[in-house]
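Working notes, beginning with the structure itself.
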Amino acid sequence: MAPYASDDSTTAGEVDEQRSGRRKAARYVVPVTVIGMAAATIGLVPALADSGDPDLPKITAQQLIEKIAKSDVQQLSGTVKISTDLGLPNLGGLESGLLSGAAGQGEGGSSADPTAKLTELASGTHTLRVAADGPDRQKLSLLENAAEYSIIHNGKDVWGYDSKSNEVYHGTSSESPERGKDRQPPAMPKDFAEEALKAVDDTTSVTVDGTAQVAGRDAYKLVVKPRQSGSTVGAISVAVDAKTGMPLKFTLTPASGGAAVVDVGFTKVSFAKPAASTFDFTPPKGAKVTEEKDAGQGAEKTPGKAPGKDFDKREHAPKAGEDFGKGLDGMKTIGEGWNAIATFDTGGEGVPSGGAGGDLGGFMDSLGDKVHGKFGSGTVFSTRLVNALVTDDGKVYAGLVTKDALVKAADAGE
């Protein structure tokens, strides 16, 4: 009998009390953001690992969440493996080609632009080297075949370097004391764990399920599961370092079973202070250097800054709803918890289908499944985690729910 297993369950109210503490936790990832929905569900590596579960004092789920919230790791270095298995349709290499193309065409056309390069983390399996020394010094390196891409944040400077193309991107970080806190790539177990805990409410079960060893560290296993049926999320497992409270590994498995959709974790980690030289960077001789101010057609741009209130000011960005009917301005959420569904009306005519849509219609049919109901008909596009229904009259329903749940919502006319 595992002495660490706990039936103790944590509710939304208890978690809310920890959120203010969580904001104080150390922010140690390079200030850039992986964009897009796929990036938000980035995958991971092997599931919770290692043999010989360590013998640790008993802890409740509430205590373990408090431990994560109080974690204040300022210095670290290590290796992280990250992979994803979203179950996207096989497009004959189109997906990887698009991601590779984006990596070579960031704003300003630099392959070293972090906003473009890190989209590669949204697909496949990758190895990262990471290092941090407080909020002003971080480094993340994406290791590739005979090449390396690095992002270095050192004081005011943010550098991106692509060794394959010998290109450099240079920008500056915000002067705000809060700099970097909302512009980090979801590439670390901590990032994923924090997002998962934000989703905890009365529809969620949170328990402690034994212990594990991750990257040579003793850890507790925190398990988050939807209480409701109908969600595509099966379970989320977080390995929490017993000493520091920092998440070392995050694994999201789908309700349908099989391999993890998202699995990210340290394979090596040290909490010693990295050498100061780790964060030094000088553009190599002959490298093409793109300055932030010269990219983006004169618009304000910070490497990796997520589209926010300033995004619509960019010359190339349409105003909200301008080219998309009612668009996201009319978006609402129906349902609650893990069964929440986002819905909006595009004001369009749905997805081209079959002969009426010509070659495009046939192509779209190959990607989605036609469905019918009281609402009429539409097409469901699926991954192992996210499903979206586009009705023939242009309404969209999407969420971490099953196809049947989407059809039911559309039938209800919500």
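Chain identifiers are assigned as A, B, and so on, following the order in which chains appear in the structure tokens; residues are numbered from 1 within each chain, and ligands are numbered from 1 in order of appearance.
Omitting region 191-195 of chain A and its sequence neighbours fewer than 3 positions away, and counting only C-alpha atoms, the residues within 8 Å are Pro186, Ala187, Met188, Lys198, Ala199, Val238, Pro247 and Phe250 of chain A.
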All strand (DSSP E) positions in region 40-281 of chain A, as number ranges by chain: A: 75-84, 124-133, 137-144, 147-154, 157-162, 167-172, 204-214, 217-226, 233-241, 247-254, 262-270
Atom pair CA of Val371 (chain A) / CA of Ala409 (chain A): separation (Å): 12.9 Å
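Comparing the minimum interatomic distances between Leu248 (chain A) and each of A:Gln63, A:Ser165, A:Thr115, A:Ser270, counting only C-alpha atoms, we find that A:Ser270 sits nearest.
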CA of Leu128 (chain A) to CA of Asp263 (chain A), straight-line distance in Å: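 Between CA of Asp263 (chain A) and CA of Leu128 (chain A) the gap is 13.5 Å.
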Pick from A:Ala196, A:Val208, A:Ile82, A:Ala410, whichever lies nearest to Ile341 (chain A) using only C-alpha atoms: A:Ala410
Within 6 Å of region 280-292 of chain A using only C-alpha atoms, minus same-chain residues under 4 positions, as a PyMOL selection string: chain A and resi 166-171
Produce a file of the selected residues containing N, CA and C atoms, as a PDB file, in the first residue's frame.
```pdb
ATOM      1  N   ASN A 166      23.224  31.221 -39.221  1.00  0.00           N
ATOM      2  CA  ASN A 166      24.145  32.246 -38.715  1.00  0.00           C
ATOM      3  C   ASN A 166      23.458  33.615 -38.691  1.00  0.00           C
ATOM      4  N   GLU A 167      22.221  33.618 -38.169  1.00  0.00           N
ATOM      5  CA  GLU A 167      21.473  34.863 -38.033  1.00  0.00           C
ATOM      6  C   GLU A 167      21.243  35.183 -36.558  1.00  0.00           C
ATOM      7  N   VAL A 168      21.199  36.470 -36.271  1.00  0.00           N
ATOM      8  CA  VAL A 168      21.025  36.954 -34.902  1.00  0.00           C
ATOM      9  C   VAL A 168      19.852  37.929 -34.861  1.00  0.00           C
ATOM     10  N   TYR A 169      19.048  37.818 -33.823  1.00  0.00           N
ATOM     11  CA  TYR A 169      17.956  38.778 -33.599  1.00  0.00           C
ATOM     12  C   TYR A 169      18.221  39.451 -32.261  1.00  0.00           C
ATOM     13  N   HIS A 170      18.177  40.791 -32.221  1.00  0.00           N
ATOM     14  CA  HIS A 170      18.470  41.520 -30.990  1.00  0.00           C
ATOM     15  C   HIS A 170      17.309  42.435 -30.620  1.00  0.00           C
ATOM     16  N   GLY A 171      16.839  42.300 -29.392  1.00  0.00           N
ATOM     17  CA  GLY A 171      15.791  43.167 -28.885  1.00  0.00           C
ATOM     18  C   GLY A 171      16.105  43.556 -27.455  1.00  0.00           C
TER      19      GLY A 171
END
```
Using only C-alpha atoms: which of A:Val380, A:Val407, A:Ile236, A:Ala272 has the shortest distance to Leu197 (chain A): A:Ile236
For region 146-156 of chain A, find every residue with an atom within 8 Å (counting only C-alpha atoms), except residues of its own chain fewer than 5 positions away, and show them as a JSON list (two decimals) with all heavy atoms, in the first residue's frame.
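Now in around.json:
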```
[["chain", "number", "residue", "atom", "x", "y", "z"],
["A", 30, "VAL", "N", 13.15, 32.21, -20.46],
["A", 30, "VAL", "CA", 13.45, 33.30, -21.37],
["A", 30, "VAL", "C", 12.16, 33.99, -21.79],
["A", 30, "VAL", "O", 11.17, 33.33, -22.08],
["A", 30, "VAL", "CB", 14.16, 32.75, -22.62],
["A", 30, "VAL", "CG1", 14.40, 33.84, -23.63],
["A", 30, "VAL", "CG2", 15.48, 32.12, -22.19],
["A", 31, "PRO", "N", 12.12, 35.33, -21.82],
["A", 31, "PRO", "CA", 10.87, 36.05, -22.09],
["A", 31, "PRO", "C", 10.46, 36.03, -23.54],
["A", 31, "PRO", "O", 10.62, 36.99, -24.28],
["A", 31, "PRO", "CB", 11.20, 37.47, -21.63],
["A", 31, "PRO", "CG", 12.66, 37.59, -21.82],
["A", 31, "PRO", "CD", 13.22, 36.23, -21.52],
["A", 112, "ALA", "N", 16.14, 33.96, -36.78],
["A", 112, "ALA", "CA", 16.49, 34.00, -35.36],
["A", 112, "ALA", "C", 15.43, 34.67, -34.51],
["A", 112, "ALA", "O", 15.56, 34.73, -33.29],
["A", 112, "ALA", "CB", 17.83, 34.73, -35.18],
["A", 114, "PRO", "N", 12.59, 34.97, -32.18],
["A", 114, "PRO", "CA", 11.99, 33.98, -31.27],
["A", 114, "PRO", "C", 10.52, 33.69, -31.55],
["A", 114, "PRO", "O", 10.07, 32.56, -31.38],
["A", 114, "PRO", "CB", 12.16, 34.62, -29.89],
["A", 114, "PRO", "CG", 13.32, 35.55, -30.04],
["A", 114, "PRO", "CD", 13.21, 36.08, -31.44],
["A", 136, "ASP", "N", 16.56, 38.43, -14.41],
["A", 136, "ASP", "CA", 17.22, 39.19, -15.47],
["A", 136, "ASP", "C", 18.16, 38.37, -16.35],
["A", 136, "ASP", "O", 18.73, 38.90, -17.31],
["A", 136, "ASP", "CB", 18.02, 40.35, -14.87],
["A", 136, "ASP", "CG", 17.13, 41.43, -14.31],
["A", 136, "ASP", "OD1", 16.04, 41.64, -14.88],
["A", 136, "ASP", "OD2", 17.50, 42.06, -13.31],
["A", 137, "ARG", "N", 18.35, 37.12, -16.02],
["A", 137, "ARG", "CA", 19.28, 36.30, -16.81],
["A", 137, "ARG", "C", 18.70, 34.91, -17.02],
["A", 137, "ARG", "O", 18.58, 34.13, -16.07],
["A", 137, "ARG", "CB", 20.65, 36.22, -16.12],
["A", 137, "ARG", "CG", 21.48, 37.47, -16.25],
["A", 137, "ARG", "CD", 22.77, 37.39, -15.47],
["A", 137, "ARG", "NE", 22.49, 37.41, -14.04],
["A", 137, "ARG", "CZ", 22.24, 38.52, -13.34],
["A", 137, "ARG", "NH1", 22.23, 39.69, -13.96],
["A", 137, "ARG", "NH2", 22.00, 38.46, -12.05],
["A", 138, "GLN", "N", 18.35, 34.61, -18.27],
["A", 138, "GLN", "CA", 17.89, 33.28, -18.63],
["A", 138, "GLN", "C", 18.44, 32.90, -20.01],
["A", 138, "GLN", "O", 18.74, 33.77, -20.83],
["A", 138, "GLN", "CB", 16.36, 33.20, -18.68],
["A", 138, "GLN", "CG", 15.63, 33.61, -17.43],
["A", 138, "GLN", "CD", 15.11, 35.02, -17.49],
["A", 138, "GLN", "OE1", 14.77, 35.51, -18.55],
["A", 138, "GLN", "NE2", 15.05, 35.70, -16.35],
["A", 139, "LYS", "N", 18.54, 31.61, -20.21],
["A", 139, "LYS", "CA", 18.97, 31.12, -21.52],
["A", 139, "LYS", "C", 18.22, 29.83, -21.83],
["A", 139, "LYS", "O", 18.07, 28.96, -20.97],
["A", 139, "LYS", "CB", 20.48, 30.85, -21.55],
["A", 139, "LYS", "CG", 20.99, 30.37, -22.91],
["A", 139, "LYS", "CD", 22.51, 30.22, -22.91],
["A", 139, "LYS", "CE", 23.02, 29.78, -24.29],
["A", 139, "LYS", "NZ", 24.51, 29.66, -24.31],
["A", 140, "LEU", "N", 17.74, 29.74, -23.05],
["A", 140, "LEU", "CA", 17.08, 28.53, -23.54],
["A", 140, "LEU", "C", 17.67, 28.17, -24.89],
["A", 140, "LEU", "O", 17.74, 29.03, -25.78],
["A", 140, "LEU", "CB", 15.57, 28.75, -23.65],
["A", 140, "LEU", "CG", 14.69, 27.58, -24.11],
["A", 140, "LEU", "CD1", 13.28, 27.75, -23.56],
["A", 140, "LEU", "CD2", 14.60, 27.51, -25.64],
["A", 141, "SER", "N", 18.13, 26.94, -25.03],
["A", 141, "SER", "CA", 18.71, 26.49, -26.29],
["A", 141, "SER", "C", 17.96, 25.29, -26.81],
["A", 141, "SER", "O", 17.75, 24.30, -26.09],
["A", 141, "SER", "CB", 20.19, 26.11, -26.11],
["A", 141, "SER", "OG", 20.95, 27.25, -25.73],
["A", 161, "TYR", "N", 19.69, 33.50, -31.50],
["A", 161, "TYR", "CA", 20.77, 33.12, -32.43],
["A", 161, "TYR", "C", 20.49, 31.76, -33.04],
["A", 161, "TYR", "O", 20.28, 30.77, -32.33],
["A", 161, "TYR", "CB", 22.12, 33.08, -31.71],
["A", 161, "TYR", "CG", 23.23, 32.57, -32.61],
["A", 161, "TYR", "CD1", 23.54, 33.22, -33.81],
["A", 161, "TYR", "CD2", 23.97, 31.44, -32.27],
["A", 161, "TYR", "CE1", 24.54, 32.76, -34.65],
["A", 161, "TYR", "CE2", 24.98, 30.96, -33.10],
["A", 161, "TYR", "CZ", 25.26, 31.62, -34.29],
["A", 161, "TYR", "OH", 26.25, 31.15, -35.12],
["A", 162, "ASP", "N", 20.47, 31.72, -34.37],
["A", 162, "ASP", "CA", 20.26, 30.50, -35.14],
["A", 162, "ASP", "C", 21.59, 30.11, -35.77],
["A", 162, "ASP", "O", 22.04, 30.75, -36.72],
["A", 162, "ASP", "CB", 19.20, 30.74, -36.22],
["A", 162, "ASP", "CG", 18.83, 29.48, -36.98],
["A", 162, "ASP", "OD1", 19.46, 28.43, -36.72],
["A", 162, "ASP", "OD2", 17.93, 29.53, -37.83],
["A", 163, "SER", "N", 22.23, 29.06, -35.24],
["A", 163, "SER", "CA", 23.56, 28.69, -35.74],
["A", 163, "SER", "C", 23.49, 28.13, -37.16],
["A", 163, "SER", "O", 24.45, 28.23, -37.92],
["A", 163, "SER", "CB", 24.20, 27.65, -34.81],
["A", 163, "SER", "OG", 23.50, 26.42, -34.87],
["A", 164, "LYS", "N", 22.35, 27.55, -37.53],
["A", 164, "LYS", "CA", 22.21, 26.96, -38.86],
["A", 164, "LYS", "C", 22.29, 28.02, -39.96],
["A", 164, "LYS", "O", 22.97, 27.85, -40.97],
["A", 164, "LYS", "CB", 20.89, 26.20, -38.97],
["A", 164, "LYS", "CG", 20.72, 25.44, -40.27],
["A", 164, "LYS", "CD", 19.44, 24.61, -40.23],
["A", 164, "LYS", "CE", 19.26, 23.81, -41.51],
["A", 164, "LYS", "NZ", 18.01, 22.99, -41.47],
["A", 172, "THR", "N", 15.19, 44.28, -26.82],
["A", 172, "THR", "CA", 15.37, 44.70, -25.44],
["A", 172, "THR", "C", 14.17, 44.27, -24.62],
["A", 172, "THR", "O", 13.05, 44.19, -25.12],
["A", 172, "THR", "CB", 15.55, 46.22, -25.32],
["A", 172, "THR", "OG1", 14.43, 46.87, -25.93],
["A", 172, "THR", "CG2", 16.83, 46.66, -26.01],
["A", 173, "SER", "N", 14.40, 44.00, -23.34],
["A", 173, "SER", "CA", 13.31, 43.61, -22.46],
["A", 173, "SER", "C", 12.70, 44.84, -21.82],
["A", 173, "SER", "O", 13.29, 45.92, -21.79],
["A", 173, "SER", "CB", 13.82, 42.66, -21.36],
["A", 173, "SER", "OG", 14.74, 43.33, -20.52],
["A", 174, "SER", "N", 11.50, 44.67, -21.30],
["A", 174, "SER", "CA", 10.79, 45.78, -20.66],
["A", 174, "SER", "C", 11.53, 46.25, -19.43],
["A", 174, "SER", "O", 12.24, 45.51, -18.76],
["A", 174, "SER", "CB", 9.39, 45.30, -20.28],
["A", 174, "SER", "OG", 8.79, 46.19, -19.39],
["A", 175, "GLU", "N", 11.35, 47.53, -19.10],
["A", 175, "GLU", "CA", 11.96, 48.09, -17.89],
["A", 175, "GLU", "C", 11.10, 47.81, -16.66],
["A", 175, "GLU", "O", 11.50, 48.03, -15.54],
["A", 175, "GLU", "CB", 12.12, 49.61, -18.04],
["A", 175, "GLU", "CG", 13.16, 50.01, -19.09],
["A", 175, "GLU", "CD", 14.54, 49.52, -18.71],
["A", 175, "GLU", "OE1", 14.88, 49.53, -17.51],
["A", 175, "GLU", "OE2", 15.29, 49.12, -19.61],
["A", 279, "PHE", "N", 25.36, 33.49, -19.81],
["A", 279, "PHE", "CA", 24.42, 34.45, -20.37],
["A", 279, "PHE", "C", 25.10, 35.52, -21.22],
["A", 279, "PHE", "O", 24.46, 36.46, -21.67],
["A", 279, "PHE", "CB", 23.62, 35.09, -19.24],
["A", 279, "PHE", "CG", 23.06, 34.09, -18.29],
["A", 279, "PHE", "CD1", 23.65, 33.86, -17.05],
["A", 279, "PHE", "CD2", 21.95, 33.32, -18.64],
["A", 279, "PHE", "CE1", 23.15, 32.91, -16.18],
["A", 279, "PHE", "CE2", 21.44, 32.36, -17.78],
["A", 279, "PHE", "CZ", 22.04, 32.15, -16.55],
["A", 280, "ASP", "N", 26.41, 35.37, -21.44],
["A", 280, "ASP", "CA", 27.13, 36.29, -22.32],
["A", 280, "ASP", "C", 26.83, 35.95, -23.77],
["A", 280, "ASP", "O", 26.73, 34.77, -24.13],
["A", 280, "ASP", "CB", 28.64, 36.22, -22.08],
["A", 280, "ASP", "CG", 29.04, 36.75, -20.71],
["A", 280, "ASP", "OD1", 28.24, 37.53, -20.13],
["A", 280, "ASP", "OD2", 30.12, 36.39, -20.22],
["A", 281, "PHE", "N", 26.70, 36.95, -24.62],
["A", 281, "PHE", "CA", 26.52, 36.69, -26.04],
["A", 281, "PHE", "C", 27.06, 37.85, -26.86],
["A", 281, "PHE", "O", 26.78, 39.02, -26.59],
["A", 281, "PHE", "CB", 25.05, 36.49, -26.41],
["A", 281, "PHE", "CG", 24.84, 36.19, -27.87],
["A", 281, "PHE", "CD1", 25.08, 34.92, -28.37],
["A", 281, "PHE", "CD2", 24.46, 37.20, -28.75],
["A", 281, "PHE", "CE1", 24.93, 34.65, -29.73],
["A", 281, "PHE", "CE2", 24.30, 36.93, -30.11],
["A", 281, "PHE", "CZ", 24.53, 35.65, -30.59]]
```
